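Q: Dropping in protein_5.cif, which is mmCIF, C-alpha atoms:
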```cif
data_my_file
loop_
_atom_site.label_atom_id
_atom_site.label_comp_id
_atom_site.auth_asym_id
_atom_site.auth_seq_id
_atom_site.Cartn_x
_atom_site.Cartn_y
_atom_site.Cartn_z
CA MET J 1 26.76 1.51 -50.83
CA SER J 2 27.54 1.25 -47.16
CA ALA J 3 25.62 -0.90 -44.72
CA VAL J 4 24.29 0.81 -41.65
CA ALA J 5 24.09 -1.29 -38.54
CA THR J 6 20.85 -0.86 -36.70
CA PRO J 7 20.94 -1.76 -33.02
CA VAL J 8 18.43 -4.43 -32.13
CA ALA J 9 17.26 -4.78 -28.56
CA MET J 10 17.58 -8.43 -27.59
CA ARG J 11 15.55 -9.65 -24.65
CA ARG J 12 17.05 -12.45 -22.61
CA ALA J 13 14.60 -15.32 -22.34
CA ALA J 14 13.87 -16.48 -18.82
CA ALA J 15 15.20 -19.91 -17.87
CA PRO J 16 12.55 -22.68 -17.76
CA GLU J 17 12.53 -22.82 -13.98
CA ASP J 18 12.12 -19.05 -13.77
CA SER J 19 9.28 -19.17 -16.29
CA ALA J 20 7.62 -21.82 -14.12
CA ARG J 21 8.12 -19.69 -11.02
CA ALA J 22 6.54 -16.76 -12.85
CA ASP J 23 3.61 -18.94 -13.89
CA PHE J 24 2.96 -20.03 -10.32
CA TYR J 25 3.14 -16.42 -9.17
CA ALA J 26 0.75 -15.43 -11.96
CA LEU J 27 -1.71 -18.07 -10.86
CA LEU J 28 -1.50 -17.09 -7.19
CA ALA J 29 -1.93 -13.43 -8.17
CA ARG J 30 -4.98 -14.29 -10.25
CA LEU J 31 -6.58 -16.35 -7.49
CA CYS J 32 -5.94 -13.61 -4.96
CA ALA J 33 -7.29 -10.92 -7.27
CA ASP J 34 -10.58 -12.61 -7.94
CA ALA J 35 -12.45 -15.89 -7.74
CA PRO J 36 -11.64 -18.36 -10.50
CA ASP J 37 -14.09 -18.07 -13.39
CA ARG J 38 -15.31 -20.92 -15.57
CA ALA J 39 -12.38 -20.59 -18.02
CA LEU J 40 -9.77 -20.72 -15.30
CA LEU J 41 -11.41 -23.67 -13.58
CA ALA J 42 -11.52 -25.50 -16.92
CA ALA J 43 -7.86 -24.73 -17.64
CA LEU J 44 -6.83 -25.90 -14.20
CA SER J 45 -8.91 -29.07 -14.30
CA ALA J 46 -7.25 -29.99 -17.60
CA ALA J 47 -3.73 -29.28 -16.36
CA ALA J 48 -1.14 -32.05 -16.36
CA PRO J 49 0.30 -33.25 -13.07
CA LEU J 50 3.73 -32.14 -11.97
CA PRO J 51 6.58 -34.64 -12.34
CA ALA J 52 6.18 -37.50 -9.86
CA ASP J 53 9.77 -37.15 -8.68
CA GLY J 54 9.43 -33.43 -7.97
CA ASP J 55 8.74 -31.68 -4.68
CA PRO J 56 6.10 -33.82 -2.90
CA ALA J 57 4.31 -30.89 -1.23
CA LEU J 58 4.10 -28.93 -4.48
CA GLY J 59 3.00 -32.00 -6.42
CA GLU J 60 0.26 -32.87 -3.95
CA ALA J 61 -0.95 -29.27 -3.67
CA TRP J 62 -1.07 -28.99 -7.45
CA ARG J 63 -2.91 -32.29 -7.82
CA ASN J 64 -5.48 -31.29 -5.20
CA LEU J 65 -6.04 -27.89 -6.83
CA VAL J 66 -6.52 -29.54 -10.22
CA ASP J 67 -8.99 -32.03 -8.72
CA ALA J 68 -10.87 -29.31 -6.83
CA SER J 69 -11.05 -27.17 -9.98
CA SER J 70 -12.67 -30.01 -11.91
CA VAL J 71 -15.65 -30.10 -9.53
CA MET J 72 -15.85 -26.44 -8.54
CA ASP J 73 -18.70 -24.26 -9.71
CA PRO J 74 -17.74 -20.67 -10.63
CA ASP J 75 -20.67 -19.20 -8.68
CA ALA J 76 -19.71 -21.17 -5.59
CA ALA J 77 -16.11 -20.03 -6.03
CA ARG J 78 -17.26 -16.42 -6.16
CA GLU J 79 -19.36 -16.82 -3.03
CA GLU J 80 -16.43 -18.39 -1.24
CA TYR J 81 -14.04 -15.64 -2.38
CA GLU J 82 -16.39 -12.95 -1.14
CA ALA J 83 -17.01 -14.73 2.16
CA LEU J 84 -13.27 -15.04 2.72
CA PHE J 85 -11.87 -11.74 1.55
CA CYS J 86 -14.73 -9.27 1.32
CA GLY J 87 -17.73 -9.55 3.60
CA MET J 88 -19.24 -6.76 5.67
CA GLY J 89 -16.81 -5.19 8.13
CA LYS J 90 -13.72 -7.23 8.88
CA ALA J 91 -12.92 -9.88 6.29
CA ALA J 92 -12.62 -13.48 7.44
CA VAL J 93 -9.08 -13.56 6.04
CA SER J 94 -7.12 -10.39 5.31
CA ILE J 95 -5.62 -10.36 1.84
CA TYR J 96 -3.21 -7.52 2.65
CA SER J 97 0.36 -8.22 3.72
CA GLY J 98 0.35 -5.26 6.11
CA PHE J 99 -2.12 -7.14 8.30
CA TYR J 100 0.45 -9.89 8.86
CA SER J 101 3.57 -7.77 9.09
CA GLY J 102 2.49 -5.61 12.00
CA ALA J 103 2.21 -2.33 10.10
CA PRO J 104 3.53 0.15 12.69
CA SER J 105 2.33 3.72 12.35
CA ILE J 106 5.76 4.88 11.20
CA ASP J 107 7.76 3.03 8.57
CA HIS J 108 4.57 1.34 7.41
CA PRO J 109 5.44 -1.60 5.15
CA ARG J 110 3.33 -0.10 2.41
CA VAL J 111 5.57 2.97 2.33
CA ARG J 112 8.65 0.76 1.99
CA LEU J 113 6.81 -1.28 -0.61
CA GLN J 114 6.03 1.80 -2.69
CA ALA J 115 9.67 2.84 -2.54
CA ASP J 116 10.87 -0.62 -3.57
CA LEU J 117 8.39 -0.75 -6.46
CA ALA J 118 9.59 2.67 -7.60
CA SER J 119 13.18 1.40 -7.58
CA PHE J 120 12.09 -1.27 -10.08
CA GLY J 121 10.18 1.28 -12.15
CA LEU J 122 6.89 -0.32 -11.15
CA ALA J 123 3.77 1.25 -9.69
CA ARG J 124 0.13 0.57 -9.10
CA ARG J 125 -1.99 1.44 -12.14
CA GLY J 126 -3.92 4.66 -11.71
CA GLU J 127 -7.41 3.19 -11.84
CA ILE J 128 -6.66 0.51 -9.24
CA THR J 129 -8.00 1.34 -5.80
CA GLU J 130 -6.47 -1.57 -3.90
CA PRO J 131 -3.32 -0.71 -1.94
CA GLU J 132 0.02 -2.08 -3.05
CA ASP J 133 0.22 -4.65 -0.26
CA HIS J 134 -2.67 -6.68 -1.70
CA PHE J 135 -1.23 -10.16 -2.21
CA ALA J 136 -2.40 -10.17 -5.83
CA GLY J 137 -0.11 -7.22 -6.48
CA LEU J 138 2.80 -8.69 -4.53
CA PHE J 139 2.67 -11.99 -6.42
CA GLU J 140 2.37 -10.07 -9.66
CA VAL J 141 5.51 -8.13 -8.81
CA MET J 142 7.36 -11.41 -8.21
CA ARG J 143 6.09 -12.71 -11.55
CA VAL J 144 7.53 -9.71 -13.33
CA LEU J 145 10.80 -9.85 -11.38
CA ALA J 146 11.22 -13.59 -12.06
CA ALA J 147 10.54 -13.65 -15.80
CA GLY J 148 10.32 -10.07 -16.98
CA GLY J 149 7.70 -9.15 -19.53
CA ALA J 150 6.50 -6.33 -21.75
CA GLY J 151 10.04 -5.46 -22.77
CA ARG J 152 11.35 -5.79 -19.24
CA GLU J 153 14.24 -8.12 -18.41
CA PRO J 154 14.00 -10.43 -15.40
CA ALA J 155 15.35 -8.71 -12.32
CA ALA J 156 18.69 -9.69 -10.84
CA LEU J 157 18.36 -12.60 -8.45
CA ALA J 158 19.58 -10.43 -5.58
CA ASP J 159 16.72 -8.00 -6.22
CA GLN J 160 14.17 -10.82 -6.41
CA LYS J 161 15.48 -12.23 -3.16
CA ARG J 162 15.42 -8.84 -1.43
CA PHE J 163 11.84 -8.14 -2.51
CA PHE J 164 10.68 -11.63 -1.54
CA HIS J 165 12.21 -11.44 1.92
CA SER J 166 11.13 -7.84 2.54
CA HIS J 167 7.52 -8.10 1.42
CA LEU J 168 6.37 -11.67 0.93
CA ASP J 169 8.12 -14.47 2.76
CA ALA J 170 6.83 -14.05 6.32
CA SER J 171 3.51 -12.39 5.52
CA ALA J 172 2.56 -14.84 2.76
CA ARG J 173 3.23 -17.79 5.06
CA LYS J 174 0.90 -16.29 7.67
CA PHE J 175 -1.68 -15.42 5.03
CA PHE J 176 -1.77 -18.92 3.58
CA ALA J 177 -1.85 -20.43 7.08
CA ALA J 178 -4.88 -18.29 7.93
CA LEU J 179 -6.51 -19.10 4.59
CA GLY J 180 -5.87 -22.83 4.88
CA THR J 181 -7.49 -23.05 8.31
CA SER J 182 -10.40 -20.66 7.79
CA PRO J 183 -13.74 -22.39 8.31
CA LYS J 184 -15.05 -20.41 5.33
CA ALA J 185 -12.43 -21.89 2.99
CA ASN J 186 -13.15 -24.87 0.83
CA TYR J 187 -11.68 -24.48 -2.67
CA TYR J 188 -9.28 -21.89 -1.30
CA ARG J 189 -7.75 -24.41 1.11
CA ASN J 190 -6.18 -25.91 -1.99
CA VAL J 191 -5.00 -22.49 -3.09
CA ALA J 192 -3.47 -22.00 0.35
CA ALA J 193 -1.66 -25.34 0.15
CA LEU J 194 -0.24 -24.41 -3.25
CA GLY J 195 0.83 -21.04 -1.90
CA VAL J 196 2.56 -22.64 1.09
CA ALA J 197 4.45 -25.01 -1.21
CA VAL J 198 5.50 -22.27 -3.64
CA VAL J 199 6.65 -19.90 -0.90
CA ALA J 200 8.59 -22.68 0.83
CA LEU J 201 10.33 -23.60 -2.42
CA GLU J 202 11.18 -20.00 -3.13
CA SER J 203 12.51 -19.44 0.37
CA THR J 204 14.75 -22.50 0.16
CA SER J 205 15.96 -21.73 -3.35
CA PHE J 206 16.94 -18.18 -2.42
CA GLN J 207 19.15 -19.62 0.32
CA LEU J 208 21.13 -21.43 -2.36
CA ASP J 209 22.25 -18.15 -3.92
CA MET Q 1 31.63 -19.61 -5.85
CA LYS Q 2 28.70 -17.81 -7.41
CA THR Q 3 28.39 -20.14 -10.42
CA THR Q 4 28.23 -23.28 -8.31
CA ARG Q 5 25.58 -21.79 -6.07
CA SER Q 6 23.52 -20.64 -9.04
CA THR Q 7 23.71 -24.10 -10.53
CA ASN Q 8 22.63 -25.56 -7.21
CA ARG Q 9 19.64 -23.27 -7.10
CA ARG Q 10 18.71 -24.08 -10.69
CA ASN Q 11 19.06 -27.81 -10.09
CA PHE Q 12 17.01 -27.52 -6.92
CA LEU Q 13 14.14 -25.79 -8.73
CA LEU Q 14 14.25 -28.19 -11.68
CA ALA Q 15 14.33 -31.17 -9.33
CA ALA Q 16 11.32 -29.73 -7.50
CA GLY Q 17 9.34 -30.03 -10.71
CA LEU Q 18 9.52 -26.48 -12.00
CA GLY Q 19 10.24 -26.19 -15.65
CA GLY Q 20 7.70 -28.62 -17.09
CA ALA Q 21 6.33 -27.08 -20.25
CA GLY Q 22 2.94 -28.83 -19.96
CA VAL Q 23 2.24 -27.34 -16.59
CA ALA Q 24 3.39 -23.93 -17.70
CA GLY Q 25 0.77 -23.86 -20.44
CA ALA Q 26 -2.10 -24.38 -18.03
CA LEU Q 27 -0.63 -21.99 -15.54
CA VAL Q 28 -0.24 -19.27 -18.11
CA ALA Q 29 -3.81 -19.78 -19.24
CA GLY Q 30 -4.91 -19.41 -15.65
CA GLY Q 31 -2.72 -16.48 -14.84
CA ARG Q 32 -3.25 -14.50 -18.00
CA LYS Q 33 -5.63 -12.08 -16.36
CA SER Q 34 -3.45 -11.53 -13.34
CA ALA Q 35 -1.68 -8.45 -14.62
CA ALA Q 36 -4.94 -6.69 -15.35
CA LYS Q 37 -6.53 -7.77 -12.10
CA ALA Q 38 -3.56 -7.01 -9.90
CA GLY Q 39 -3.19 -3.59 -11.43
CA LEU Q 40 0.56 -3.58 -11.84
CA ALA Q 41 2.16 -1.44 -14.49
CA ASP Q 42 5.43 0.16 -15.43
CA ALA Q 43 5.67 3.46 -13.63
CA ALA Q 44 6.95 5.01 -16.85
CA SER Q 45 3.79 4.02 -18.68
CA GLN Q 46 1.49 5.67 -16.15
CA PRO Q 47 -0.62 8.32 -17.86
CA SER Q 48 -0.51 11.64 -16.09
CA GLY Q 49 -3.45 14.01 -15.85
CA TYR Q 50 -6.64 13.26 -17.71
CA HIS Q 51 -6.84 10.07 -19.70
CA ALA Q 52 -9.66 8.00 -21.13
CA SER Q 53 -10.25 5.19 -18.69
CA GLU Q 54 -12.19 2.06 -19.58
CA HIS Q 55 -15.18 3.49 -17.73
CA ILE Q 56 -15.05 6.71 -19.72
CA LEU Q 57 -14.71 4.89 -23.03
CA LYS Q 58 -17.73 2.78 -22.10
CA TYR Q 59 -19.69 5.95 -21.33
CA TYR Q 60 -18.73 7.47 -24.68
CA LYS Q 61 -19.95 4.32 -26.42
CA THR Q 62 -23.30 4.31 -24.62
CA ALA Q 63 -23.78 8.05 -25.20
CA LYS Q 64 -23.54 7.77 -28.99
CA VAL Q 65 -26.68 8.80 -30.90
#
```
Starting from the file, lay out its structure as structure tokens.
A:
Amino acid sequence: MSAVATPVAMRRAAAPEDSARADFYALLARLCADAPDRALLAALSAAAPLPADGDPALGEAWRNLVDASSVMDPDAAREEYEALFCGMGKAAVSIYSGFYSGAPSIDHPRVRLQADLASFGLARRGEITEPEDHFAGLFEVMRVLAAGGAGREPAALADQKRFFHSHLDASARKFFAALGTSPKANYYRNVAALGVAVVALESTSFQLD
Amino acid sequence: MKTTRSTNRRNFLLAAGLGGAGVAGALVAGGRKSAAKAGLADAASQPSGYHASEHILKYYKTAKV
């Protein structure tokens, strides 16, 4: 009787810091995609603080978001989300990166974005009507690149860095600045502060590689 | 020195507070719906042509006699 070796696909687990990065991206994607519902607010309000000796800006932003989540009502969160990002006519705060990156008529960033997504084997799902430069989608791409998922390995750091600098770094900073100072923002000021801290950490960390 | 730089980056992120398992749990709970909401998918898994969307399946269910 001869043994037959069957190849087994082994998936490399993401490092703890990359899993944490992916989790932050997942949360930012979720909060950009929709207002926090009761379950999310409850999960956030019960979340543990970040280590006291960690990044001060991230720690404070996280603490404030946790505190805000513990007193936020889901209906009020929905009203705020709609007032900020939906509204009639022009939204108070644009949630599309193209708004912040200039979007010239030729070489539109969304065209480059579609090409870059295709190079990763990623695409917008068919039933989704939002364009690819919606920040929820961009953060979701970074989540997948950072930690992989659904049988996908994490992307090479060089690819993560290239995508971040091409499609997120500058525009996300402007987006969170606009969100954090919008008179219609209350709960979402805390989201903006968290976003600023996460993007700043990412930007600095990519300079170390 | 690629290895040294990578270690620096890793140490930087860990020192910043990323990597705490307790936080990750809450974050994952919060971000679980993000993939569905953001609408990201593998291009290879995209159905081509007609396929039963959630809306269509809901219609089928309501149309049952």
Q: Please evaluate the PyMOL selection byres ((chain J and resi 135) around 9) against the displayed coordinates and give the resulting residues as an MDAnalysis selection string.
A: (chainID J and resid 28:29 32:33 95:97 132:134 136:140 168 172 175) or (chainID Q and resid 38)
Q: Once you have the residues from the selection above, write them out as a PDB file, in the coordinates of the input, restricted to C-alpha atoms.
A:
```pdb
ATOM      1  CA  LEU J  28      -1.500 -17.090  -7.190  1.00  0.00           C
ATOM      2  CA  ALA J  29      -1.930 -13.430  -8.170  1.00  0.00           C
ATOM      3  CA  CYS J  32      -5.940 -13.610  -4.960  1.00  0.00           C
ATOM      4  CA  ALA J  33      -7.290 -10.920  -7.270  1.00  0.00           C
ATOM      5  CA  ILE J  95      -5.620 -10.360   1.840  1.00  0.00           C
ATOM      6  CA  TYR J  96      -3.210  -7.520   2.650  1.00  0.00           C
ATOM      7  CA  SER J  97       0.360  -8.220   3.720  1.00  0.00           C
ATOM      8  CA  GLU J 132       0.020  -2.080  -3.050  1.00  0.00           C
ATOM      9  CA  ASP J 133       0.220  -4.650  -0.260  1.00  0.00           C
ATOM     10  CA  HIS J 134      -2.670  -6.680  -1.700  1.00  0.00           C
ATOM     11  CA  ALA J 136      -2.400 -10.170  -5.830  1.00  0.00           C
ATOM     12  CA  GLY J 137      -0.110  -7.220  -6.480  1.00  0.00           C
ATOM     13  CA  LEU J 138       2.800  -8.690  -4.530  1.00  0.00           C
ATOM     14  CA  PHE J 139       2.670 -11.990  -6.420  1.00  0.00           C
ATOM     15  CA  GLU J 140       2.370 -10.070  -9.660  1.00  0.00           C
ATOM     16  CA  LEU J 168       6.370 -11.670   0.930  1.00  0.00           C
ATOM     17  CA  ALA J 172       2.560 -14.840   2.760  1.00  0.00           C
ATOM     18  CA  PHE J 175      -1.680 -15.420   5.030  1.00  0.00           C
TER      19      PHE J 175
ATOM     20  CA  ALA Q  38      -3.560  -7.010  -9.900  1.00  0.00           C
TER      21      ALA Q  38
END
```
Q: Convert the output of the PyMOL selection byres ((chain J) within 6 of (chain Q)) on the shown file into explicit residues, formatted as a JSON list (two decimals) with C-alpha atoms, keeping the file's coordinate frame.
A:
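Here's the written file expr-v4.json:
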```json
[["chain", "number", "residue", "atom", "x", "y", "z"],
["J", 16, "PRO", "CA", 12.55, -22.68, -17.76],
["J", 17, "GLU", "CA", 12.53, -22.82, -13.98],
["J", 20, "ALA", "CA", 7.62, -21.82, -14.12],
["J", 23, "ASP", "CA", 3.61, -18.94, -13.89],
["J", 26, "ALA", "CA", 0.75, -15.43, -11.96],
["J", 27, "LEU", "CA", -1.71, -18.07, -10.86],
["J", 29, "ALA", "CA", -1.93, -13.43, -8.17],
["J", 30, "ARG", "CA", -4.98, -14.29, -10.25],
["J", 33, "ALA", "CA", -7.29, -10.92, -7.27],
["J", 40, "LEU", "CA", -9.77, -20.72, -15.30],
["J", 43, "ALA", "CA", -7.86, -24.73, -17.64],
["J", 47, "ALA", "CA", -3.73, -29.28, -16.36],
["J", 48, "ALA", "CA", -1.14, -32.05, -16.36],
["J", 51, "PRO", "CA", 6.58, -34.64, -12.34],
["J", 54, "GLY", "CA", 9.43, -33.43, -7.97],
["J", 55, "ASP", "CA", 8.74, -31.68, -4.68],
["J", 121, "GLY", "CA", 10.18, 1.28, -12.15],
["J", 122, "LEU", "CA", 6.89, -0.32, -11.15],
["J", 123, "ALA", "CA", 3.77, 1.25, -9.69],
["J", 124, "ARG", "CA", 0.13, 0.57, -9.10],
["J", 125, "ARG", "CA", -1.99, 1.44, -12.14],
["J", 128, "ILE", "CA", -6.66, 0.51, -9.24],
["J", 136, "ALA", "CA", -2.40, -10.17, -5.83],
["J", 137, "GLY", "CA", -0.11, -7.22, -6.48],
["J", 205, "SER", "CA", 15.96, -21.73, -3.35],
["J", 208, "LEU", "CA", 21.13, -21.43, -2.36],
["J", 209, "ASP", "CA", 22.25, -18.15, -3.92]]
```
Q: When you count only C-alpha atoms, which of these residues is closest to Ser45 (chain J): J:Asn64, J:Ala83, J:Ala146, J:Ser203?
A: J:Asn64
Q: For CA of Arg152 (chain J) and CA of Val111 (chain J), determine how far apart the two atoms are, in Å to one decimal place.
A: 24.0 Å
Q: On this structure, the PyMOL selection byres ((chain J and resi 157) around 10) would catch which residues? List them as an MDAnalysis selection string, sorted by chain and number.
A: (chainID J and resid 145:146 154:156 158:163 206 209) or (chainID Q and resid 6)
Q: So which residues touch Ala91 (chain J) within 12 Å, counting all atoms listed in the file, skipping near sequence neighbours fewer than 6 positions away, as a list in words?
A: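 Neighbouring residues, sequence-local ones excluded: Glu80, Tyr81, Glu82, Ala83, Leu84, Phe85, Phe99, Ala178, Leu179, Ser182 and Lys184 of chain J.
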Q: What is the distance, in Å and to one decimal place, between CA of Ala197 (chain J) and CA of Ala170 (chain J)?
A: 13.5 Å
Q: Go ahead and compute the interatomic distance for CA of Ala14 (chain J) and CA of Glu202 (chain J), in Å to one decimal.
A: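 Straight-line distance from CA of Ala14 (chain J) to CA of Glu202 (chain J) works out to 16.3 Å.
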Q: List the neighbours of region 69-71 of chain J out to 8 Å using all atoms listed in the file; skip same-chain residues closer than 3 positions along the sequence, and give me the result as a VMD selection string.
A: chain J and resid 41 to 42 44 to 46 65 to 66 187
Q: What lies within 10 Å of Arg112 (chain J) using all atoms listed in the file, ignoring chain neighbours under 6 positions off, as an mmCIF file with C-alpha atoms, keeping the file's coordinate frame?
A:
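The new file part_26.cif reads:
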```
data_model
loop_
_atom_site.group_PDB
_atom_site.id
_atom_site.type_symbol
_atom_site.label_atom_id
_atom_site.label_comp_id
_atom_site.auth_asym_id
_atom_site.auth_seq_id
_atom_site.Cartn_x
_atom_site.Cartn_y
_atom_site.Cartn_z
ATOM 1 C CA ALA J 118 9.590 2.670 -7.600
ATOM 2 C CA SER J 166 11.130 -7.840 2.540
ATOM 3 C CA HIS J 167 7.520 -8.100 1.420
#
```
